[in-house]
$ cat final.pdb   # PDB, C-alpha atoms and all ligand atoms
ATOM      1  CA  MET A   1     116.793  75.621 109.351
ATOM      2  CA  LYS A   2     116.031  74.816 105.766
ATOM      3  CA  SER A   3     113.409  76.979 104.071
ATOM      4  CA  SER A   4     110.788  75.808 101.644
ATOM      5  CA  SER A   5     111.283  77.369  98.223
ATOM      6  CA  ALA A   6     107.541  77.087  97.480
ATOM      7  CA  GLY A   7     106.343  80.334  95.938
ATOM      8  CA  LEU A   8     109.840  81.529  95.030
ATOM      9  CA  LYS A   9     110.171  82.796  91.463
ATOM     10  CA  VAL A  10     113.920  82.160  91.405
ATOM     11  CA  ASN A  11     115.565  78.785  91.393
ATOM     12  CA  PHE A  12     118.636  78.318  93.519
ATOM     13  CA  GLU A  13     120.340  74.954  93.593
ATOM     14  CA  SER A  14     120.251  75.334  97.348
ATOM     15  CA  SER A  15     118.543  77.895  99.535
ATOM     16  CA  CYS A  16     117.887  78.347 103.206
ATOM     17  CA  ILE A  17     116.767  80.807 105.835
ATOM     18  CA  ARG A  18     119.093  80.869 108.823
ATOM     19  CA  LYS A  19     120.174  83.228 111.585
ATOM     20  CA  ILE A  20     122.596  85.992 110.653
ATOM     21  CA  LYS A  21     126.103  85.527 112.040
ATOM     22  CA  ALA A  22     128.194  88.302 113.616
ATOM     23  CA  GLU A  23     130.551  88.346 110.637
ATOM     24  CA  GLU A  24     127.598  88.960 108.256
ATOM     25  CA  VAL A  25     126.397  92.129 110.003
ATOM     26  CA  HIS A  26     128.517  94.411 107.834
ATOM     27  CA  GLU A  27     126.978  93.016 104.638
ATOM     28  CA  VAL A  28     123.499  93.518 106.094
ATOM     29  CA  TRP A  29     124.291  97.132 106.937
ATOM     30  CA  SER A  30     125.713  97.835 103.505
ATOM     31  CA  LEU A  31     122.651  96.318 101.784
ATOM     32  CA  GLU A  32     120.437  98.628 103.829
ATOM     33  CA  ALA A  33     122.565 101.674 102.954
ATOM     34  CA  GLN A  34     122.201 100.858  99.218
ATOM     35  CA  SER A  35     118.437 100.568  99.664
ATOM     36  CA  TYR A  36     117.916 103.859 101.517
ATOM     37  CA  PRO A  37     120.311 106.463 100.041
ATOM     38  CA  GLU A  38     117.842 109.226 101.036
ATOM     39  CA  ILE A  39     118.052 108.488 104.784
ATOM     40  CA  PRO A  40     120.877 110.359 106.575
ATOM     41  CA  ALA A  41     123.664 107.858 107.317
ATOM     42  CA  GLU A  42     123.887 108.960 110.978
ATOM     43  CA  HIS A  43     120.321 107.692 111.457
ATOM     44  CA  LEU A  44     121.200 104.202 110.251
ATOM     45  CA  PRO A  45     124.311 103.245 112.260
ATOM     46  CA  ILE A  46     125.740  99.735 112.102
ATOM     47  CA  GLU A  47     125.424  99.504 115.917
ATOM     48  CA  ARG A  48     121.716  98.659 115.528
ATOM     49  CA  TYR A  49     122.742  95.488 113.766
ATOM     50  CA  THR A  50     125.660  94.538 115.978
ATOM     51  CA  ARG A  51     123.422  94.924 119.039
ATOM     52  CA  ALA A  52     120.471  93.068 117.503
ATOM     53  CA  GLN A  53     122.688  90.201 116.365
ATOM     54  CA  ARG A  54     124.142  89.995 119.884
ATOM     55  CA  ASP A  55     120.936  90.549 121.903
ATOM     56  CA  ALA A  56     118.175  89.159 119.680
ATOM     57  CA  PRO A  57     119.788  86.693 117.236
ATOM     58  CA  GLU A  58     116.543  84.685 117.064
ATOM     59  CA  LEU A  59     114.842  87.698 115.439
ATOM     60  CA  PHE A  60     117.606  88.282 112.853
ATOM     61  CA  TRP A  61     117.479  86.010 109.804
ATOM     62  CA  GLY A  62     118.933  85.895 106.327
ATOM     63  CA  HIS A  63     117.822  84.147 103.170
ATOM     64  CA  PHE A  64     120.675  82.537 101.275
ATOM     65  CA  GLY A  65     120.702  81.242  97.697
ATOM     66  CA  ASN A  66     123.621  79.082  96.603
ATOM     67  CA  GLY A  67     125.433  80.123  99.774
ATOM     68  CA  LYS A  68     125.134  83.889  99.201
ATOM     69  CA  MET A  69     122.927  86.269 101.140
ATOM     70  CA  THR A  70     119.925  87.399  99.093
ATOM     71  CA  GLY A  71     118.124  89.365 101.819
ATOM     72  CA  PHE A  72     117.589  89.691 105.562
ATOM     73  CA  ILE A  73     115.005  90.539 108.187
ATOM     74  CA  PHE A  74     115.599  91.744 111.721
ATOM     75  CA  GLY A  75     113.553  92.632 114.742
ATOM     76  CA  THR A  76     113.578  93.413 118.436
ATOM     77  CA  ARG A  77     111.089  93.263 121.299
ATOM     78  CA  GLY A  78     109.798  96.011 123.557
ATOM     79  CA  ALA A  79     106.791  97.339 125.422
ATOM     80  CA  GLY A  80     105.599 100.274 123.274
ATOM     81  CA  SER A  81     102.441  99.710 121.258
ATOM     82  CA  LYS A  82     103.840 101.288 118.067
ATOM     83  CA  TRP A  83     107.134 101.107 116.197
ATOM     84  CA  LYS A  84     109.466 103.975 117.160
ATOM     85  CA  TYR A  85     112.899 104.907 115.840
ATOM     86  CA  ASP A  86     114.357 103.692 119.159
ATOM     87  CA  SER A  87     112.839 100.234 118.584
ATOM     88  CA  MET A  88     115.834  99.430 116.376
ATOM     89  CA  PHE A  89     118.360 100.173 119.111
ATOM     90  CA  LYS A  90     117.210  98.210 122.123
ATOM     91  CA  HIS A  91     115.810  94.776 122.791
ATOM     92  CA  ASP A  92     113.759  93.816 125.843
ATOM     93  CA  SER A  93     113.409  90.035 125.733
ATOM     94  CA  GLU A  94     110.269  90.275 127.897
ATOM     95  CA  GLY A  95     108.574  93.021 125.876
ATOM     96  CA  ALA A  96     105.123  91.992 124.685
ATOM     97  CA  VAL A  97     105.551  93.607 121.257
ATOM     98  CA  ALA A  98     107.837  92.389 118.456
ATOM     99  CA  TYR A  99     109.121  95.121 116.158
ATOM    100  CA  LEU A 100     109.925  94.271 112.577
ATOM    101  CA  ASN A 101     112.753  96.723 112.015
ATOM    102  CA  LEU A 102     113.634  95.957 108.418
ATOM    103  CA  VAL A 103     113.245  93.398 105.667
ATOM    104  CA  CYS A 104     115.535  93.988 102.709
ATOM    105  CA  VAL A 105     116.398  92.074  99.533
ATOM    106  CA  TYR A 106     119.245  92.750  97.059
ATOM    107  CA  PRO A 107     117.826  94.994  94.299
ATOM    108  CA  GLU A 108     118.535  92.513  91.488
ATOM    109  CA  LEU A 109     116.675  89.744  93.362
ATOM    110  CA  ARG A 110     113.488  91.655  94.208
ATOM    111  CA  ARG A 111     109.975  90.619  93.050
ATOM    112  CA  LYS A 112     110.944  86.957  93.159
ATOM    113  CA  GLY A 113     109.257  86.071  96.430
ATOM    114  CA  ILE A 114     112.235  86.356  98.807
ATOM    115  CA  GLY A 115     110.855  89.287 100.833
ATOM    116  CA  SER A 116     107.525  87.492 101.340
ATOM    117  CA  LEU A 117     109.325  84.324 102.400
ATOM    118  CA  LEU A 118     111.417  86.224 104.968
ATOM    119  CA  VAL A 119     108.377  87.975 106.480
ATOM    120  CA  LYS A 120     106.394  84.715 106.659
ATOM    121  CA  HIS A 121     109.328  82.971 108.282
ATOM    122  CA  TRP A 122     109.806  85.758 110.856
ATOM    123  CA  VAL A 123     106.107  85.966 111.752
ATOM    124  CA  THR A 124     105.736  82.199 111.976
ATOM    125  CA  TYR A 125     108.879  81.849 114.074
ATOM    126  CA  ILE A 126     107.590  84.406 116.581
ATOM    127  CA  GLU A 127     104.111  82.891 116.708
ATOM    128  CA  GLU A 128     105.577  79.480 117.450
ATOM    129  CA  ASN A 129     108.501  80.401 119.693
ATOM    130  CA  HIS A 130     107.630  83.698 121.381
ATOM    131  CA  LYS A 131     104.147  82.927 122.636
ATOM    132  CA  ASP A 132     104.216  85.871 125.057
ATOM    133  CA  VAL A 133     104.333  88.313 122.111
ATOM    134  CA  THR A 134     100.857  89.843 121.739
ATOM    135  CA  LYS A 135     101.465  91.720 118.486
ATOM    136  CA  MET A 136     104.058  92.540 115.852
ATOM    137  CA  CYS A 137     104.399  96.031 114.458
ATOM    138  CA  PHE A 138     106.489  98.218 112.186
ATOM    139  CA  ILE A 139     106.280 101.129 109.752
ATOM    140  CA  CYS A 140     106.346 101.137 105.958
ATOM    141  CA  GLU A 141     105.946 103.452 103.006
ATOM    142  CA  ASP A 142     102.515 103.708 101.357
ATOM    143  CA  GLU A 143     103.506 101.684  98.269
ATOM    144  CA  LEU A 144     104.280  98.671 100.481
ATOM    145  CA  ILE A 145     101.016  98.635 102.451
ATOM    146  CA  PRO A 146      99.479  96.064 100.020
ATOM    147  CA  PHE A 147     102.649  93.912 100.268
ATOM    148  CA  TYR A 148     102.245  93.660 104.055
ATOM    149  CA  LYS A 149      98.464  93.315 103.957
ATOM    150  CA  GLN A 150      98.855  90.196 101.847
ATOM    151  CA  LEU A 151     101.276  88.935 104.505
ATOM    152  CA  GLY A 152      98.691  89.230 107.302
ATOM    153  CA  PHE A 153      99.351  92.750 108.591
ATOM    154  CA  THR A 154      96.734  95.435 109.206
ATOM    155  CA  TYR A 155      97.003  99.120 108.374
ATOM    156  CA  VAL A 156      96.886 101.282 111.524
ATOM    157  CA  GLY A 157      97.455 104.849 110.270
ATOM    158  CA  PRO A 158     100.141 107.483 109.634
ATOM    159  CA  SER A 159     103.233 107.133 111.825
ATOM    160  CA  ASP A 160     104.823 110.057 113.655
ATOM    161  CA  VAL A 161     108.377 108.720 113.111
ATOM    162  CA  SER A 162     110.403 111.639 111.728
ATOM    163  CA  GLN A 163     114.058 110.519 111.852
ATOM    164  CA  LEU A 164     113.999 108.523 108.612
ATOM    165  CA  GLY A 165     114.110 111.336 106.044
ATOM    166  CA  PRO A 166     111.164 113.239 104.558
ATOM    167  CA  THR A 167     109.077 110.117 103.763
ATOM    168  CA  GLN A 168     105.649 109.728 105.387
ATOM    169  CA  TRP A 169     105.604 106.314 107.089
ATOM    170  CA  TYR A 170     102.559 104.247 108.072
ATOM    171  CA  ASP A 171     102.016 102.047 111.116
ATOM    172  CA  MET A 172     101.203  98.395 110.437
ATOM    173  CA  GLU A 173     100.555  95.593 112.903
ATOM    174  CA  CYS A 174      99.766  91.903 113.115
ATOM    175  CA  ARG A 175      97.999  90.346 116.060
ATOM    176  CA  GLY A 176      98.188  86.836 114.593
ATOM    177  CA  PRO A 177      97.803  84.104 113.848
ATOM    178  CA  ALA A 178      98.833  85.494 110.479
ATOM    179  CA  TYR A 179      98.550  82.347 108.351
ATOM    180  CA  PRO A 180      96.424  79.214 108.300
ATOM    181  CA  LYS A 181      98.118  76.304 110.046
ATOM    182  CA  ASP A 182      98.652  74.293 106.830
ATOM    183  CA  ALA A 183     100.298  77.299 105.153
ATOM    184  CA  VAL A 184     102.669  77.562 108.116
ATOM    185  CA  ASN A 185     103.507  73.869 107.884
ATOM    186  CA  ALA A 186     104.285  74.226 104.180
ATOM    187  CA  LEU A 187     106.853  76.909 104.937
ATOM    188  CA  ILE A 188     109.032  75.216 107.508
TER
HETATM  189  C1  LIG B 201     110.141  95.492 100.127
HETATM  190  C2  LIG B 201     111.016  94.313  99.706
HETATM  191  C3  LIG B 201     111.633  93.685 100.931
HETATM  192  C4  LIG B 201     110.128  93.287  98.994
HETATM  193  O1  LIG B 201     110.926  92.127  98.750
HETATM  194  P1  LIG B 201     110.669  91.254  97.435
HETATM  195  O2  LIG B 201     111.493  90.037  97.531
HETATM  196  O3  LIG B 201     110.892  92.092  96.234
HETATM  197  O4  LIG B 201     109.108  90.954  97.585
HETATM  198  P2  LIG B 201     108.269  89.769  96.924
HETATM  199  O5  LIG B 201     108.908  89.326  95.654
HETATM  200  O6  LIG B 201     108.020  88.747  97.952
HETATM  201  O7  LIG B 201     106.905  90.554  96.584
HETATM  202  C5  LIG B 201     105.676  89.892  96.622
HETATM  203  C6  LIG B 201     104.602  90.869  96.181
HETATM  204  O8  LIG B 201     104.603  92.041  97.001
HETATM  205  C7  LIG B 201     104.298  93.199  96.206
HETATM  206  N1  LIG B 201     105.491  94.087  96.190
HETATM  207  C8  LIG B 201     106.773  93.761  96.456
HETATM  208  N2  LIG B 201     107.567  94.855  96.366
HETATM  209  C9  LIG B 201     106.771  95.874  96.032
HETATM  210  C10 LIG B 201     106.999  97.262  95.806
HETATM  211  N3  LIG B 201     108.226  97.818  95.899
HETATM  212  N4  LIG B 201     105.944  98.042  95.487
HETATM  213  C11 LIG B 201     104.708  97.512  95.389
HETATM  214  N5  LIG B 201     104.414  96.196  95.600
HETATM  215  C12 LIG B 201     105.441  95.397  95.922
HETATM  216  C13 LIG B 201     103.979  92.676  94.828
HETATM  217  O9  LIG B 201     102.587  92.400  94.781
HETATM  218  C14 LIG B 201     104.776  91.390  94.774
HETATM  219  O10 LIG B 201     104.243  90.450  93.877
HETATM  220  P3  LIG B 201     104.610  90.541  92.312
HETATM  221  O11 LIG B 201     106.092  90.678  92.182
HETATM  222  O12 LIG B 201     104.085  89.233  91.774
HETATM  223  O13 LIG B 201     103.881  91.741  91.795
HETATM  224  C15 LIG B 201     112.125  94.768  98.713
HETATM  225  O14 LIG B 201     111.525  95.514  97.664
HETATM  226  C16 LIG B 201     113.208  95.627  99.345
HETATM  227  O15 LIG B 201     114.188  95.112  99.857
HETATM  228  N6  LIG B 201     113.031  96.959  99.284
HETATM  229  C17 LIG B 201     114.012  97.889  99.887
HETATM  230  C18 LIG B 201     113.889  97.896 101.391
HETATM  231  C19 LIG B 201     112.463  98.135 101.861
HETATM  232  O16 LIG B 201     111.753  99.011 101.382
HETATM  233  N7  LIG B 201     112.065  97.328 102.855
HETATM  234  C20 LIG B 201     110.766  97.421 103.465
HETATM  235  C21 LIG B 201     110.814  98.353 104.610
HETATM  236  S1  LIG B 201     109.192  98.610 105.306
END
$ encode --input "final.pdb" --output "structure tokens"
Amino acid sequence: MKSSSAGLKVNFESSCIRKIKAEEVHEVWSLEAQSYPEIPAEHLPIERYTRAQRDAPELFWGHFGNGKMTGFIFGTRGAGSKWKYDSMFKHDSEGAVAYLNLVCVYPELRRKGIGSLLVKHWVTYIEENHKDVTKMCFICEDELIPFYKQLGFTYVGPSDVSQLGPTQWYDMECRGPAYPKDAVNALI
């Protein structure tokens, strides 16, 4: 699937959003490790990604500029009403809730619109293809609450997730539709 580059502040000769392949999982994992040096490595095992790519490939996407990965987003589905640490490890294809487990962009390519594009793509894909999903949820740090609010998510409150280092995390959710129909059409 080709992505629209509308809104991107970086110009690639070619860019796309497509599903992550099995052989790209290691790069994804290493990008995450660079982004979260404060989280104990044993809490961020590569198995989350190998399982998600195998079990929920339609919720695992990368953005690519000139053929190189610039960032990724991955999710799973389950039945719990809030994001839990375990949400990253298992996928129930009939679960009514979609968990956004992580969106991550290479540090040198941040603040250029790629993260927003990945979230919009993921949300729109679920709204259009997983119609039995009743809400999407995840946790984020306080500084990113405005980033997600502008992407259609609502602040819920402090999260009780404790495995991801000393950071206080906050629950966010989206009950959709997140974007006006014409904005969705412009993206895909
Ligand atoms: C969070 C992240 C994915 C954002 O990706 P990005 O490509 O830089 O985001 P965008 O360029 O689409 O940002 C759009 C807007 O969101 C806001 N925003 C983005 N990152 C922000 C940050 N770290 N702090 C505060 N606001 C931020 C800004 O308003 C920004 O617009 P501006 O650059 O014109 O000011 C990226 O910073 C990242 O990979 N961080 C490390 C991993 C992480 O924290 N992931 C989120 C887990 S919940």
$ closest_atom_pairs --input "final.pdb" --of "chain A" --to "ligand LIG 201 (chain B)" --cutoff "8 Å" --atoms "all atoms listed in the file" --output "CSV"
residue,atom,partner,partner_atom,distance
A:Leu8,CA,B:LIG201,O5,7.9
A:Lys9,CA,B:LIG201,O5,7.9
A:Glu32,CA,B:LIG201,C18,7.0
A:Ser35,CA,B:LIG201,C17,5.2
A:Tyr36,CA,B:LIG201,C18,7.2
A:Gly71,CA,B:LIG201,O15,7.2
A:Asn101,CA,B:LIG201,C21,7.8
A:Leu102,CA,B:LIG201,C21,5.3
A:Val103,CA,B:LIG201,N7,5.0
A:Cys104,CA,B:LIG201,O15,3.3
A:Val105,CA,B:LIG201,O15,3.8
A:Tyr106,CA,B:LIG201,O15,6.2
A:Pro107,CA,B:LIG201,O15,6.6
A:Leu109,CA,B:LIG201,O2,6.7
A:Arg110,CA,B:LIG201,O3,3.3
A:Arg111,CA,B:LIG201,O5,3.1
A:Lys112,CA,B:LIG201,O5,4.0
A:Gly113,CA,B:LIG201,O6,3.3
A:Ile114,CA,B:LIG201,O2,4.0
A:Gly115,CA,B:LIG201,O2,3.4
A:Ser116,CA,B:LIG201,O6,3.6
A:Leu117,CA,B:LIG201,O6,6.4
A:Phe138,CA,B:LIG201,S1,7.4
A:Ile139,CA,B:LIG201,S1,5.9
A:Cys140,CA,B:LIG201,S1,3.9
A:Glu141,CA,B:LIG201,S1,6.3
A:Glu143,CA,B:LIG201,N4,5.2
A:Leu144,CA,B:LIG201,C11,5.2
A:Pro146,CA,B:LIG201,N5,6.6
A:Phe147,CA,B:LIG201,O8,4.2
A:Tyr148,CA,B:LIG201,O8,7.6
A:Gln150,CA,B:LIG201,O8,7.7
$ atom_distance --input "final.pdb" --atom1 "atom CA of A:Lys120" --atom2 "atom CA of A:Pro177"
11.2 Å
$ closest_atom_pairs --input "final.pdb" --of "stretch 128-165 of chain A" --to "stretch 75-89 of chain A" --cutoff "12 Å" --atoms "only C-alpha atoms" --output "Markdown table"
| residue | atom | partner | partner_atom | distance |
| --- | --- | --- | --- | --- |
| A:His130 | CA | A:Arg77 | CA | 10.2 |
| A:Asp132 | CA | A:Arg77 | CA | 10.8 |
| A:Val133 | CA | A:Arg77 | CA | 8.4 |
| A:Thr134 | CA | A:Ser81 | CA | 10.0 |
| A:Lys135 | CA | A:Ser81 | CA | 8.5 |
| A:Met136 | CA | A:Arg77 | CA | 8.9 |
| A:Cys137 | CA | A:Trp83 | CA | 6.0 |
| A:Phe138 | CA | A:Trp83 | CA | 5.0 |
| A:Ile139 | CA | A:Trp83 | CA | 6.5 |
| A:Cys140 | CA | A:Trp83 | CA | 10.3 |
| A:Val156 | CA | A:Lys82 | CA | 9.5 |
| A:Gly157 | CA | A:Lys82 | CA | 10.7 |
| A:Pro158 | CA | A:Lys82 | CA | 11.1 |
| A:Ser159 | CA | A:Trp83 | CA | 8.4 |
| A:Asp160 | CA | A:Lys84 | CA | 8.4 |
| A:Val161 | CA | A:Lys84 | CA | 6.3 |
| A:Ser162 | CA | A:Tyr85 | CA | 8.3 |
| A:Gln163 | CA | A:Tyr85 | CA | 7.0 |
| A:Leu164 | CA | A:Tyr85 | CA | 8.2 |
| A:Gly165 | CA | A:Tyr85 | CA | 11.8 |
$ axis_aligned_box --input "final.pdb" --around "stretch 95-114 of chain A" --padding-each-side "8 Å" --output "AutoDock Vina command-line options"
--center_x 112.2 --center_y 91.4 --center_z 108.7 --size_x 30.1 --size_y 26.7 --size_z 50.4
$ atom_distance --input "final.pdb" --atom1 "atom CA of A:Tyr155" --atom2 "atom CA of A:Tyr179"
16.8 Å
$ closest_residue --input "final.pdb" --among "A:Pro37, A:Thr154, A:His91, A:Gln53" --to "A:Glu23" --atoms "all atoms listed in the file"
A:Gln53
$ atom_distance --input "final.pdb" --atom1 "atom CA of A:Lys149" --atom2 "atom CA of A:Val119"
11.5 Å
$ closest_residue --input "final.pdb" --among "A:Gln168, A:Ser15, A:Asp92, A:Phe74" --to "A:Glu58" --atoms "all atoms listed in the file"
A:Phe74
$ build_atoms --input "final.pdb" --residues "stretch 19-31 of chain A" --atoms "N, CA and C atoms" --output "PDB file, in the frame of the given file"
ATOM      1  N   LYS A  19     119.832  82.039 110.801  1.00  0.00           N
ATOM      2  CA  LYS A  19     120.174  83.228 111.585  1.00  0.00           C
ATOM      3  C   LYS A  19     121.432  83.902 111.010  1.00  0.00           C
ATOM      4  N   ILE A  20     121.433  85.212 111.095  1.00  0.00           N
ATOM      5  CA  ILE A  20     122.596  85.992 110.653  1.00  0.00           C
ATOM      6  C   ILE A  20     123.718  85.862 111.687  1.00  0.00           C
ATOM      7  N   LYS A  21     124.938  85.654 111.163  1.00  0.00           N
ATOM      8  CA  LYS A  21     126.103  85.527 112.040  1.00  0.00           C
ATOM      9  C   LYS A  21     126.757  86.903 112.235  1.00  0.00           C
ATOM     10  N   ALA A  22     127.546  87.012 113.309  1.00  0.00           N
ATOM     11  CA  ALA A  22     128.194  88.302 113.616  1.00  0.00           C
ATOM     12  C   ALA A  22     129.008  88.811 112.424  1.00  0.00           C
ATOM     13  N   GLU A  23     129.683  87.906 111.741  1.00  0.00           N
ATOM     14  CA  GLU A  23     130.551  88.346 110.637  1.00  0.00           C
ATOM     15  C   GLU A  23     129.755  88.764 109.388  1.00  0.00           C
ATOM     16  N   GLU A  24     128.421  88.563 109.413  1.00  0.00           N
ATOM     17  CA  GLU A  24     127.598  88.960 108.256  1.00  0.00           C
ATOM     18  C   GLU A  24     126.909  90.307 108.469  1.00  0.00           C
ATOM     19  N   VAL A  25     127.085  90.881 109.670  1.00  0.00           N
ATOM     20  CA  VAL A  25     126.397  92.129 110.003  1.00  0.00           C
ATOM     21  C   VAL A  25     126.815  93.273 109.074  1.00  0.00           C
ATOM     22  N   HIS A  26     128.068  93.318 108.698  1.00  0.00           N
ATOM     23  CA  HIS A  26     128.517  94.411 107.834  1.00  0.00           C
ATOM     24  C   HIS A  26     127.833  94.342 106.472  1.00  0.00           C
ATOM     25  N   GLU A  27     127.661  93.150 105.935  1.00  0.00           N
ATOM     26  CA  GLU A  27     126.978  93.016 104.638  1.00  0.00           C
ATOM     27  C   GLU A  27     125.526  93.474 104.740  1.00  0.00           C
ATOM     28  N   VAL A  28     124.882  93.113 105.853  1.00  0.00           N
ATOM     29  CA  VAL A  28     123.499  93.518 106.094  1.00  0.00           C
ATOM     30  C   VAL A  28     123.387  95.049 106.081  1.00  0.00           C
ATOM     31  N   TRP A  29     124.295  95.671 106.806  1.00  0.00           N
ATOM     32  CA  TRP A  29     124.291  97.132 106.937  1.00  0.00           C
ATOM     33  C   TRP A  29     124.506  97.786 105.577  1.00  0.00           C
ATOM     34  N   SER A  30     125.425  97.231 104.800  1.00  0.00           N
ATOM     35  CA  SER A  30     125.713  97.835 103.505  1.00  0.00           C
ATOM     36  C   SER A  30     124.562  97.634 102.528  1.00  0.00           C
ATOM     37  N   LEU A  31     123.838  96.514 102.630  1.00  0.00           N
ATOM     38  CA  LEU A  31     122.651  96.318 101.784  1.00  0.00           C
ATOM     39  C   LEU A  31     121.576  97.352 102.144  1.00  0.00           C
TER      40      LEU A  31
END
